[in-house]
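As provided, entry24.pdb (PDB, C-alpha atoms) reads as follows.
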ATOM      1  CA  MET L   1       0.000   0.000   0.000
ATOM      2  CA  LEU L   2       1.329   3.435  -0.874
ATOM      3  CA  ILE L   3       0.121   6.821   0.245
ATOM      4  CA  GLN L   4       0.904   9.120  -2.652
ATOM      5  CA  LYS L   5       0.795  12.492  -0.889
ATOM      6  CA  PHE L   6       2.327  13.327   2.465
ATOM      7  CA  LYS L   7       2.161  17.106   2.851
ATOM      8  CA  PHE L   8      -0.979  18.491   4.395
ATOM      9  CA  GLU L   9      -2.129  22.103   4.250
ATOM     10  CA  GLU L  10      -5.013  23.809   6.016
ATOM     11  CA  ARG L  11      -8.376  23.225   4.287
ATOM     12  CA  ARG L  12      -6.654  21.442   1.424
ATOM     13  CA  ARG L  13      -8.460  18.641  -0.401
ATOM     14  CA  ILE L  14      -6.128  15.640  -0.365
ATOM     15  CA  LYS L  15      -6.625  12.452  -2.333
ATOM     16  CA  PHE L  16      -5.079   9.176  -1.204
ATOM     17  CA  ARG L  17      -5.123   6.458  -3.822
ATOM     18  CA  LEU L  18      -4.542   2.940  -2.555
ATOM     19  CA  ARG L  19      -2.624   0.980  -5.139
ATOM     20  CA  ASP L  20      -3.565  -2.357  -3.608
ATOM     21  CA  PRO L  21      -7.163  -3.096  -4.690
ATOM     22  CA  GLU L  22      -7.547  -5.570  -1.822
ATOM     23  CA  CYS L  23      -6.914  -2.915   0.791
ATOM     24  CA  SER L  24      -9.983  -1.224   2.200
ATOM     25  CA  PRO L  25     -10.749   1.178   5.059
ATOM     26  CA  LEU L  26     -11.776  -0.249   8.398
ATOM     27  CA  GLY L  27     -14.899   1.642   9.408
ATOM     28  CA  LYS L  28     -16.831   4.408   7.647
ATOM     29  CA  ALA L  29     -18.598   7.305   9.330
ATOM     30  CA  GLU L  30     -18.603  11.051   9.498
ATOM     31  CA  GLN L  31     -16.596  12.836  12.202
ATOM     32  CA  HIS L  32     -14.355   9.888  13.038
ATOM     33  CA  ASP L  33     -11.025  10.825  14.571
ATOM     34  CA  LYS L  34      -8.976   7.990  13.145
ATOM     35  CA  LEU L  35      -8.989   5.621  10.188
ATOM     36  CA  SER L  36      -6.583   2.683   9.995
ATOM     37  CA  LEU L  37      -5.654   1.159   6.672
ATOM     38  CA  VAL L  38      -4.209  -2.323   6.857
ATOM     39  CA  ASN L  39      -2.376  -4.271   4.173
ATOM     40  CA  GLY L  40      -0.945  -7.588   5.286
ATOM     41  CA  CYS L  41       1.169  -7.012   8.374
ATOM     42  CA  SER L  42       1.680  -3.315   7.624
ATOM     43  CA  SER L  43      -0.539  -0.537   8.829
ATOM     44  CA  ILE L  44      -0.768   3.201   8.392
ATOM     45  CA  THR L  45      -2.826   5.449  10.637
ATOM     46  CA  LEU L  46      -4.284   8.782   9.573
ATOM     47  CA  THR L  47      -5.621  11.134  12.227
ATOM     48  CA  PHE L  48      -7.953  13.930  11.157
ATOM     49  CA  THR L  49     -11.080  15.882  12.017
ATOM     50  CA  ASN L  50     -13.391  14.798   9.217
ATOM     51  CA  TYR L  51     -13.377  12.582   6.169
ATOM     52  CA  ILE L  52     -15.549  11.509   3.291
ATOM     53  CA  TYR L  53     -15.075   8.047   1.846
ATOM     54  CA  ARG L  54     -15.537   7.437  -1.876
ATOM     55  CA  PRO L  55     -15.481   4.154  -3.838
ATOM     56  CA  PHE L  56     -12.670   2.975  -6.125
ATOM     57  CA  PHE L  57     -10.273   3.022  -3.186
ATOM     58  CA  SER L  58      -9.834   6.752  -3.066
ATOM     59  CA  LEU L  59     -10.032   8.720   0.153
ATOM     60  CA  PHE L  60     -10.844  12.437   0.199
ATOM     61  CA  ILE L  61      -9.990  14.388   3.314
ATOM     62  CA  PHE L  62     -10.972  17.917   4.277
ATOM     63  CA  THR L  63      -8.658  18.652   7.135
ATOM     64  CA  LYS L  64      -6.842  21.254   9.170
ATOM     65  CA  ASN L  65      -3.315  20.684  10.501
ATOM     66  CA  THR L  66      -3.586  16.958   9.912
ATOM     67  CA  PRO L  67      -0.764  14.853  11.366
ATOM     68  CA  PHE L  68       0.379  11.842   9.347
ATOM     69  CA  ILE L  69       2.038   8.777  10.841
ATOM     70  CA  ALA L  70       3.983   6.702   8.307
ATOM     71  CA  MET L  71       5.761   3.445   8.941
ATOM     72  CA  ALA L  72       9.535   3.741   9.086
ATOM     73  CA  VAL L  73      11.860   2.009   6.674
ATOM     74  CA  LYS L  74      13.560  -0.829   8.558
ATOM     75  CA  VAL L  75      17.183  -1.728   7.878
ATOM     76  CA  TYR L  76      18.692  -4.678   9.739
ATOM     77  CA  ILE L  77      22.472  -4.932  10.109
ATOM     78  CA  VAL L  78      23.115  -8.609  10.785
ATOM     79  CA  TYR L  79      26.658  -9.696  11.618
ATOM     80  CA  TYR L  80      29.014 -12.150  13.226
ATOM     81  CA  SER L  81      32.127 -10.860  14.965
ATOM     82  CA  THR L  82      34.765 -12.876  16.809
ATOM     83  CA  TYR L  83      37.110 -10.132  17.983
ATOM     84  CA  GLY L  84      34.978  -7.028  17.518
ATOM     85  CA  HIS L  85      36.259  -5.688  14.189
ATOM     86  CA  VAL L  86      33.108  -6.534  12.227
ATOM     87  CA  GLU L  87      30.974  -5.265  15.093
ATOM     88  CA  ARG L  88      32.751  -1.902  14.975
ATOM     89  CA  LEU L  89      31.965  -1.588  11.279
ATOM     90  CA  ALA L  90      28.356  -2.615  11.967
ATOM     91  CA  GLU L  91      27.966   0.173  14.522
ATOM     92  CA  GLU L  92      29.144   2.744  11.988
ATOM     93  CA  ILE L  93      26.907   1.312   9.268
ATOM     94  CA  LYS L  94      23.970   1.691  11.645
ATOM     95  CA  LYS L  95      24.837   5.373  12.165
ATOM     96  CA  GLY L  96      24.953   5.893   8.424
ATOM     97  CA  ALA L  97      21.599   4.195   7.877
ATOM     98  CA  GLU L  98      19.956   6.220  10.641
ATOM     99  CA  SER L  99      21.214   9.451   9.089
ATOM    100  CA  VAL L 100      18.583   8.935   6.376
ATOM    101  CA  GLU L 101      15.254  10.470   7.357
ATOM    102  CA  GLY L 102      12.544   7.930   8.032
ATOM    103  CA  VAL L 103      14.920   4.988   8.462
ATOM    104  CA  GLU L 104      15.193   2.819  11.555
ATOM    105  CA  ALA L 105      18.331   0.672  11.729
ATOM    106  CA  LYS L 106      18.890  -2.196  14.134
ATOM    107  CA  LEU L 107      21.930  -4.325  14.943
ATOM    108  CA  TRP L 108      21.631  -8.097  15.216
ATOM    109  CA  GLN L 109      24.147 -10.866  15.886
ATOM    110  CA  VAL L 110      23.878 -14.365  14.467
ATOM    111  CA  PRO L 111      24.195 -17.282  16.898
ATOM    112  CA  GLU L 112      27.647 -18.425  17.973
ATOM    113  CA  THR L 113      28.454 -22.038  17.099
ATOM    114  CA  LEU L 114      31.651 -22.412  19.138
ATOM    115  CA  SER L 115      31.622 -23.351  22.791
ATOM    116  CA  GLY L 116      32.747 -20.971  25.494
ATOM    117  CA  GLU L 117      35.755 -23.213  26.100
ATOM    118  CA  ILE L 118      36.940 -22.949  22.507
ATOM    119  CA  LEU L 119      36.349 -19.196  22.405
ATOM    120  CA  ALA L 120      38.411 -18.815  25.581
ATOM    121  CA  LYS L 121      41.295 -20.702  23.994
ATOM    122  CA  MET L 122      41.026 -18.336  21.020
ATOM    123  CA  SER L 123      41.225 -15.357  23.424
ATOM    124  CA  ALA L 124      37.954 -14.084  22.000
ATOM    125  CA  PRO L 125      36.341 -11.325  24.095
ATOM    126  CA  PRO L 126      32.826 -11.761  25.528
ATOM    127  CA  LYS L 127      29.944 -11.079  23.156
ATOM    128  CA  SER L 128      28.225  -7.720  23.330
ATOM    129  CA  ASP L 129      24.612  -7.350  24.445
ATOM    130  CA  VAL L 130      23.348  -6.959  20.864
ATOM    131  CA  ALA L 131      20.349  -9.267  20.396
ATOM    132  CA  VAL L 132      20.737 -12.579  18.563
ATOM    133  CA  ILE L 133      18.542 -12.887  15.491
ATOM    134  CA  THR L 134      16.613 -15.885  14.221
ATOM    135  CA  PRO L 135      15.934 -16.515  10.513
ATOM    136  CA  ASP L 136      12.202 -15.851  10.852
ATOM    137  CA  GLN L 137      12.947 -12.243  11.854
ATOM    138  CA  LEU L 138      14.686 -11.383   8.583
ATOM    139  CA  PRO L 139      11.481 -10.694   6.568
ATOM    140  CA  GLU L 140      10.601  -7.879   8.994
ATOM    141  CA  ALA L 141      13.326  -5.749   7.413
ATOM    142  CA  ASP L 142      12.937  -3.672   4.276
ATOM    143  CA  GLY L 143      16.690  -3.843   3.684
ATOM    144  CA  LEU L 144      19.505  -6.037   5.026
ATOM    145  CA  ILE L 145      23.247  -5.549   5.436
ATOM    146  CA  PHE L 146      25.263  -8.656   6.339
ATOM    147  CA  GLY L 147      28.719  -8.600   7.914
ATOM    148  CA  PHE L 148      31.241 -11.308   8.775
ATOM    149  CA  PRO L 149      34.950 -12.076   9.031
ATOM    150  CA  THR L 150      36.596 -14.217   6.366
ATOM    151  CA  ARG L 151      37.728 -17.800   6.711
ATOM    152  CA  PHE L 152      39.944 -18.889   3.811
ATOM    153  CA  GLY L 153      38.316 -16.387   1.460
ATOM    154  CA  MET L 154      34.722 -17.133   2.486
ATOM    155  CA  MET L 155      32.317 -16.041   5.219
ATOM    156  CA  ALA L 156      32.870 -17.471   8.685
ATOM    157  CA  ALA L 157      31.142 -20.789   9.425
ATOM    158  CA  GLN L 158      28.907 -19.133  12.022
ATOM    159  CA  PHE L 159      27.291 -16.953   9.394
ATOM    160  CA  LYS L 160      27.105 -19.769   6.862
ATOM    161  CA  ALA L 161      25.302 -21.857   9.492
ATOM    162  CA  PHE L 162      22.830 -19.019   9.927
ATOM    163  CA  PHE L 163      22.174 -18.850   6.182
ATOM    164  CA  ASP L 164      21.822 -22.640   6.096
ATOM    165  CA  ALA L 165      18.966 -22.259   8.569
ATOM    166  CA  THR L 166      16.978 -20.010   6.199
ATOM    167  CA  GLY L 167      15.598 -22.857   4.100
ATOM    168  CA  GLY L 168      12.043 -22.036   5.074
ATOM    169  CA  LEU L 169      12.469 -18.457   3.875
ATOM    170  CA  TRP L 170      14.009 -19.714   0.638
ATOM    171  CA  ARG L 171      11.083 -22.065   0.037
ATOM    172  CA  THR L 172       8.584 -19.202   0.272
ATOM    173  CA  GLN L 173      10.979 -16.620  -1.215
ATOM    174  CA  ALA L 174      10.183 -14.397   1.751
ATOM    175  CA  LEU L 175      13.318 -12.322   1.182
ATOM    176  CA  ALA L 176      12.941 -11.922  -2.580
ATOM    177  CA  GLY L 177      13.217  -8.353  -3.773
ATOM    178  CA  LYS L 178      14.813  -7.035  -0.598
ATOM    179  CA  PRO L 179      17.982  -4.954  -1.103
ATOM    180  CA  ALA L 180      21.028  -6.379   0.663
ATOM    181  CA  GLY L 181      24.629  -5.358   1.193
ATOM    182  CA  ILE L 182      27.785  -7.043   2.486
ATOM    183  CA  PHE L 183      30.712  -5.941   4.671
ATOM    184  CA  TYR L 184      33.622  -7.938   6.032
ATOM    185  CA  CYS L 185      36.939  -8.176   7.825
ATOM    186  CA  THR L 186      40.088 -10.062   6.805
ATOM    187  CA  GLY L 187      43.386 -10.755   8.540
ATOM    188  CA  SER L 188      45.658  -9.146   5.977
ATOM    189  CA  GLN L 189      45.723  -7.426   2.607
ATOM    190  CA  GLY L 190      44.643  -9.584  -0.289
ATOM    191  CA  SER L 191      43.232 -12.283   1.994
ATOM    192  CA  GLY L 192      39.628 -12.242   0.944
ATOM    193  CA  GLN L 193      38.558  -8.601   0.649
ATOM    194  CA  GLU L 194      36.826  -9.463  -2.629
ATOM    195  CA  THR L 195      36.399 -13.239  -2.595
ATOM    196  CA  THR L 196      34.545 -13.111   0.737
ATOM    197  CA  ALA L 197      31.955 -10.811  -0.829
ATOM    198  CA  LEU L 198      31.846 -12.708  -4.121
ATOM    199  CA  THR L 199      31.205 -16.064  -2.474
ATOM    200  CA  ALA L 200      28.571 -14.517  -0.192
ATOM    201  CA  ILE L 201      26.540 -13.202  -3.115
ATOM    202  CA  THR L 202      25.385 -16.750  -3.874
ATOM    203  CA  GLN L 203      23.386 -16.717  -0.631
ATOM    204  CA  LEU L 204      21.584 -13.540  -1.684
ATOM    205  CA  THR L 205      20.964 -14.860  -5.184
ATOM    206  CA  HIS L 206      19.172 -18.011  -4.067
ATOM    207  CA  HIS L 207      16.906 -15.929  -1.861
ATOM    208  CA  GLY L 208      16.128 -13.542  -4.709
ATOM    209  CA  MET L 209      17.556 -10.565  -2.845
ATOM    210  CA  ILE L 210      18.915  -7.535  -4.688
ATOM    211  CA  PHE L 211      22.647  -7.158  -4.075
ATOM    212  CA  VAL L 212      23.552  -3.489  -3.557
ATOM    213  CA  PRO L 213      27.298  -2.859  -3.880
ATOM    214  CA  ILE L 214      28.630   0.570  -3.016
ATOM    215  CA  GLY L 215      30.628   0.773  -6.248
ATOM    216  CA  TYR L 216      32.859   3.828  -6.170
ATOM    217  CA  THR L 217      30.265   6.088  -4.591
ATOM    218  CA  PHE L 218      32.560   6.648  -1.594
ATOM    219  CA  GLY L 219      34.574   8.926  -3.869
ATOM    220  CA  ALA L 220      38.236   9.708  -3.218
ATOM    221  CA  GLY L 221      38.331   7.287  -0.298
ATOM    222  CA  MET L 222      38.116   4.413  -2.751
ATOM    223  CA  PHE L 223      41.441   5.433  -4.303
ATOM    224  CA  GLU L 224      43.461   5.908  -1.118
ATOM    225  CA  MET L 225      47.042   4.672  -1.625
ATOM    226  CA  GLU L 226      48.929   6.268   1.263
ATOM    227  CA  GLN L 227      47.458   4.141   4.039
ATOM    228  CA  VAL L 228      46.190   0.627   4.548
ATOM    229  CA  LYS L 229      42.469   0.508   3.819
ATOM    230  CA  GLY L 230      40.027  -2.364   3.692
ATOM    231  CA  GLY L 231      36.830  -2.453   1.695
ATOM    232  CA  SER L 232      36.087  -2.586  -2.005
ATOM    233  CA  PRO L 233      33.298  -1.747  -4.449
ATOM    234  CA  TYR L 234      31.446  -4.720  -2.941
ATOM    235  CA  GLY L 235      31.202  -3.150   0.505
ATOM    236  CA  ALA L 236      32.974  -1.761   3.544
ATOM    237  CA  GLY L 237      35.828  -3.746   5.066
ATOM    238  CA  THR L 238      38.749  -3.661   7.437
ATOM    239  CA  PHE L 239      41.946  -5.548   8.275
ATOM    240  CA  ALA L 240      42.437  -7.147  11.677
ATOM    241  CA  GLY L 241      46.126  -8.020  11.353
ATOM    242  CA  ASP L 242      47.166  -9.835  14.524
ATOM    243  CA  GLY L 243      43.983  -8.595  16.164
ATOM    244  CA  SER L 244      45.425  -5.408  17.599
ATOM    245  CA  ARG L 245      44.587  -3.274  14.577
ATOM    246  CA  GLN L 246      41.173  -1.604  14.693
ATOM    247  CA  PRO L 247      39.194  -0.076  11.806
ATOM    248  CA  SER L 248      40.725   3.217  10.694
ATOM    249  CA  GLU L 249      38.806   6.470  10.378
ATOM    250  CA  LEU L 250      38.772   6.015   6.614
ATOM    251  CA  GLU L 251      37.338   2.509   6.935
ATOM    252  CA  LEU L 252      34.736   3.723   9.406
ATOM    253  CA  GLY L 253      33.861   6.516   7.008
ATOM    254  CA  GLN L 254      33.290   3.977   4.264
ATOM    255  CA  ALA L 255      31.099   1.927   6.607
ATOM    256  CA  PHE L 256      29.008   5.001   7.449
ATOM    257  CA  HIS L 257      28.685   5.705   3.737
ATOM    258  CA  GLN L 258      27.549   2.156   3.030
ATOM    259  CA  GLY L 259      24.843   2.347   5.677
ATOM    260  CA  LYS L 260      23.576   5.642   4.334
ATOM    261  CA  TYR L 261      23.781   4.519   0.713
ATOM    262  CA  ILE L 262      21.883   1.256   1.184
ATOM    263  CA  ALA L 263      19.316   2.889   3.479
ATOM    264  CA  THR L 264      18.634   5.517   0.806
ATOM    265  CA  ILE L 265      18.108   2.853  -1.854
ATOM    266  CA  THR L 266      15.925   0.807   0.491
ATOM    267  CA  LYS L 267      13.764   3.845   1.175
ATOM    268  CA  LYS L 268      13.337   4.528  -2.540
ATOM    269  CA  LEU L 269      12.390   0.928  -3.274
ATOM    270  CA  LYS L 270       9.843   0.835  -0.479
ATOM    271  CA  ALA L 271       8.286   4.115  -1.631
ATOM    272  CA  SER L 272       7.850   2.788  -5.157
ATOM    273  CA  ALA L 273       6.417  -0.585  -4.137
TER     274      ALA L 273
END

Render the structure in this file as structure tokens.
Amino acid sequence: MLIQKFKFEERRRIKFRLRDPECSPLGKAEQHDKLSLVNGCSSITLTFTNYIYRPFFSLFIFTKNTPFIAMAVKVYIVYYSTYGHVERLAEEIKKGAESVEGVEAKLWQVPETLSGEILAKMSAPPKSDVAVITPDQLPEADGLIFGFPTRFGMMAAQFKAFFDATGGLWRTQALAGKPAGIFYCTGSQGSGQETTALTAITQLTHHGMIFVPIGYTFGAGMFEMEQVKGGSPYGAGTFAGDGSRQPSELELGQAFHQGKYIATITKKLKASA
């Protein structure tokens, strides 16, 4: 369902055309204060002083200072992070996404598959308090950005296990048409900054998602040669080295850009649906 006009002016006659012919108003009477329009699991509420309902799914409102409540665009940043490098990028991506008006971004972790004993031997720090996502929560998002460290040029097994659990979503194509991006972390230069993204695209393809690379939209930062910089046209990235290196300001800037860029595209796609 799409509301075509959003700006209200005093005593202005506004027409709302519902593009979904199966969507209809709930209730019909003069001088009602509220009318809710429901389409599937989405709802939009209009609050006004008076309305007149007409057939053919058009709504005419004579109103004064009418507030409009629209549903936000939801972007989920879903990641796995062993030592915190991917999580740091995810936090910056969230900031970038939330810089777009009307967008709500949320961080999610995928489940850990290693035991606490093994993680302790790896000197991995405790997990943050970011909520753990389940596959059935993915369709709630309008756009998705997935992040993971590399293991031999591919996504970490923890994230692959999460994707392997999305068979039910694949069967119903519940994620088809949703824009999705990728970000990553590798141990050193040339150790998977592109192959990790390339091999991850197959997961998006089978779900029918729309892969959104950042290309060279980050501008001059994409051509930096004076300092070590992760990332590529596929998405934001960083290098962990021996674990002591943290994402640089340039890498964080690219992550912020990716969040903003994908959120903007997600918002446009939702508005045109």

Problem - Selected residue, from L:Pro135, L:Gly167, L:Gly230, L:Gly143, that lies nearest to L:Tyr76 when counting all atoms listed in the file - result: L:Gly143

Exercise for the section: Any chance you could resolve the PyMOL selection byres ((chain L and resi 163) around 12) against this file and give the residues as a VMD selection string? Expected result: chain L and resid 78 to 80 110 to 111 133 to 136 138 146 155 to 162 164 to 170 200 to 204 206 to 207

For the selection you just gave me, I'd like the residues written to a file as an mmCIF file, in the coordinates of the input, keeping C-alpha atoms.
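Dumped everything to selection-v3.cif:
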data_model
loop_
_atom_site.group_PDB
_atom_site.id
_atom_site.type_symbol
_atom_site.label_atom_id
_atom_site.label_comp_id
_atom_site.auth_asym_id
_atom_site.auth_seq_id
_atom_site.Cartn_x
_atom_site.Cartn_y
_atom_site.Cartn_z
ATOM 1 C CA VAL L 78 23.115 -8.609 10.785
ATOM 2 C CA TYR L 79 26.658 -9.696 11.618
ATOM 3 C CA TYR L 80 29.014 -12.150 13.226
ATOM 4 C CA VAL L 110 23.878 -14.365 14.467
ATOM 5 C CA PRO L 111 24.195 -17.282 16.898
ATOM 6 C CA ILE L 133 18.542 -12.887 15.491
ATOM 7 C CA THR L 134 16.613 -15.885 14.221
ATOM 8 C CA PRO L 135 15.934 -16.515 10.513
ATOM 9 C CA ASP L 136 12.202 -15.851 10.852
ATOM 10 C CA LEU L 138 14.686 -11.383 8.583
ATOM 11 C CA PHE L 146 25.263 -8.656 6.339
ATOM 12 C CA MET L 155 32.317 -16.041 5.219
ATOM 13 C CA ALA L 156 32.870 -17.471 8.685
ATOM 14 C CA ALA L 157 31.142 -20.789 9.425
ATOM 15 C CA GLN L 158 28.907 -19.133 12.022
ATOM 16 C CA PHE L 159 27.291 -16.953 9.394
ATOM 17 C CA LYS L 160 27.105 -19.769 6.862
ATOM 18 C CA ALA L 161 25.302 -21.857 9.492
ATOM 19 C CA PHE L 162 22.830 -19.019 9.927
ATOM 20 C CA ASP L 164 21.822 -22.640 6.096
ATOM 21 C CA ALA L 165 18.966 -22.259 8.569
ATOM 22 C CA THR L 166 16.978 -20.010 6.199
ATOM 23 C CA GLY L 167 15.598 -22.857 4.100
ATOM 24 C CA GLY L 168 12.043 -22.036 5.074
ATOM 25 C CA LEU L 169 12.469 -18.457 3.875
ATOM 26 C CA TRP L 170 14.009 -19.714 0.638
ATOM 27 C CA ALA L 200 28.571 -14.517 -0.192
ATOM 28 C CA ILE L 201 26.540 -13.202 -3.115
ATOM 29 C CA THR L 202 25.385 -16.750 -3.874
ATOM 30 C CA GLN L 203 23.386 -16.717 -0.631
ATOM 31 C CA LEU L 204 21.584 -13.540 -1.684
ATOM 32 C CA HIS L 206 19.172 -18.011 -4.067
ATOM 33 C CA HIS L 207 16.906 -15.929 -1.861
#

Exercise for the section: Convert the output of the PyMOL selection byres ((chain L and resi 103) around 12) on the shown file into explicit residues, formatted as a PyMOL selection string. Expected result: chain L and resi 70-76+94-102+104-106+141-143+259-268+270

Exercise for the section: Select, from L:Gly208, L:Gly221, L:Gly231, L:Gly153, the residue with the minimum atom-to-atom distance to L:Pro179, counting all atoms listed in the file. Expected result: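 So, comparing all the options, the nearest one is L:Gly208.
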
Problem - Nearest to L:Cys185 by atom-to-atom distance, counting all atoms listed in the file, from L:Met122, L:Met209, L:Ile214, L:Ala197 - result: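 Among the listed residues, the smallest separation from L:Cys185 belongs to L:Ala197.
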
Exercise for the section: Extract, using only C-alpha atoms, all DNA, RNA and protein residues at most 7 Å from L:Ser81, discarding same-chain residues fewer than 3 positions from it, and format them as a ChimeraX atom specification. Expected result: /L:84-87,148-149

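As for atom CA of L:Met154 and atom CA of L:Lys229, they are spaced 19.3 Å apart.
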
Problem - Residues in the PyMOL selection byres ((chain L and resi 250) around 12), expressed as a PyMOL selection string - result: chain L and resi 89+92+218-231+236-238+246-249+251-257

With C-alpha atoms kept, could you save the residues just selected as a PDB file, in the frame of the given file?
ATOM      1  CA  LEU L  89      31.965  -1.588  11.279  1.00  0.00           C
ATOM      2  CA  GLU L  92      29.144   2.744  11.988  1.00  0.00           C
ATOM      3  CA  PHE L 218      32.560   6.648  -1.594  1.00  0.00           C
ATOM      4  CA  GLY L 219      34.574   8.926  -3.869  1.00  0.00           C
ATOM      5  CA  ALA L 220      38.236   9.708  -3.218  1.00  0.00           C
ATOM      6  CA  GLY L 221      38.331   7.287  -0.298  1.00  0.00           C
ATOM      7  CA  MET L 222      38.116   4.413  -2.751  1.00  0.00           C
ATOM      8  CA  PHE L 223      41.441   5.433  -4.303  1.00  0.00           C
ATOM      9  CA  GLU L 224      43.461   5.908  -1.118  1.00  0.00           C
ATOM     10  CA  MET L 225      47.042   4.672  -1.625  1.00  0.00           C
ATOM     11  CA  GLU L 226      48.929   6.268   1.263  1.00  0.00           C
ATOM     12  CA  GLN L 227      47.458   4.141   4.039  1.00  0.00           C
ATOM     13  CA  VAL L 228      46.190   0.627   4.548  1.00  0.00           C
ATOM     14  CA  LYS L 229      42.469   0.508   3.819  1.00  0.00           C
ATOM     15  CA  GLY L 230      40.027  -2.364   3.692  1.00  0.00           C
ATOM     16  CA  GLY L 231      36.830  -2.453   1.695  1.00  0.00           C
ATOM     17  CA  ALA L 236      32.974  -1.761   3.544  1.00  0.00           C
ATOM     18  CA  GLY L 237      35.828  -3.746   5.066  1.00  0.00           C
ATOM     19  CA  THR L 238      38.749  -3.661   7.437  1.00  0.00           C
ATOM     20  CA  GLN L 246      41.173  -1.604  14.693  1.00  0.00           C
ATOM     21  CA  PRO L 247      39.194  -0.076  11.806  1.00  0.00           C
ATOM     22  CA  SER L 248      40.725   3.217  10.694  1.00  0.00           C
ATOM     23  CA  GLU L 249      38.806   6.470  10.378  1.00  0.00           C
ATOM     24  CA  GLU L 251      37.338   2.509   6.935  1.00  0.00           C
ATOM     25  CA  LEU L 252      34.736   3.723   9.406  1.00  0.00           C
ATOM     26  CA  GLY L 253      33.861   6.516   7.008  1.00  0.00           C
ATOM     27  CA  GLN L 254      33.290   3.977   4.264  1.00  0.00           C
ATOM     28  CA  ALA L 255      31.099   1.927   6.607  1.00  0.00           C
ATOM     29  CA  PHE L 256      29.008   5.001   7.449  1.00  0.00           C
ATOM     30  CA  HIS L 257      28.685   5.705   3.737  1.00  0.00           C
TER      31      HIS L 257
END

Exercise for the section: Give me, please, the distance in Å between atom CA of L:Leu107 and atom CA of L:Ile145, quoted to one decimal. Expected result: 9.7 Å

Problem - Straight-line distance linking atom CA of L:Gln109 with atom CA of L:Thr186, stated in Å to one decimal - result: 18.4 Å

Practice task
Check the smallest atom-to-atom distance from each of L:Thr172, L:Thr196, L:Ser232, L:Thr217 to L:Gly147 using all atoms listed in the file, then report the winner.
Solution key: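 The closest residue to L:Gly147 is L:Thr196.
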
Give me the box for stretch 234-243 of chain L as lines of an AutoDock Vina configuration file, namely the centre and edge lengths in Å to one decimal of a box along x, y and z that holds every listed atom plus 3 Å on each side.
center_x = 39.2
center_y = -5.8
center_z = 6.6
size_x = 22.0
size_y = 14.1
size_z = 25.1

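With all atoms listed in the file as the basis for measurement, L:Trp108 is the residue among L:Phe152, L:Phe239, L:Tyr184, L:Trp108 that approaches L:Ser128 most closely.
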
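Distances to L:Ala180 were evaluated for L:Thr205, L:Glu117, L:Leu198, L:Gly241 using all atoms listed in the file, and the minimum falls at L:Thr205.
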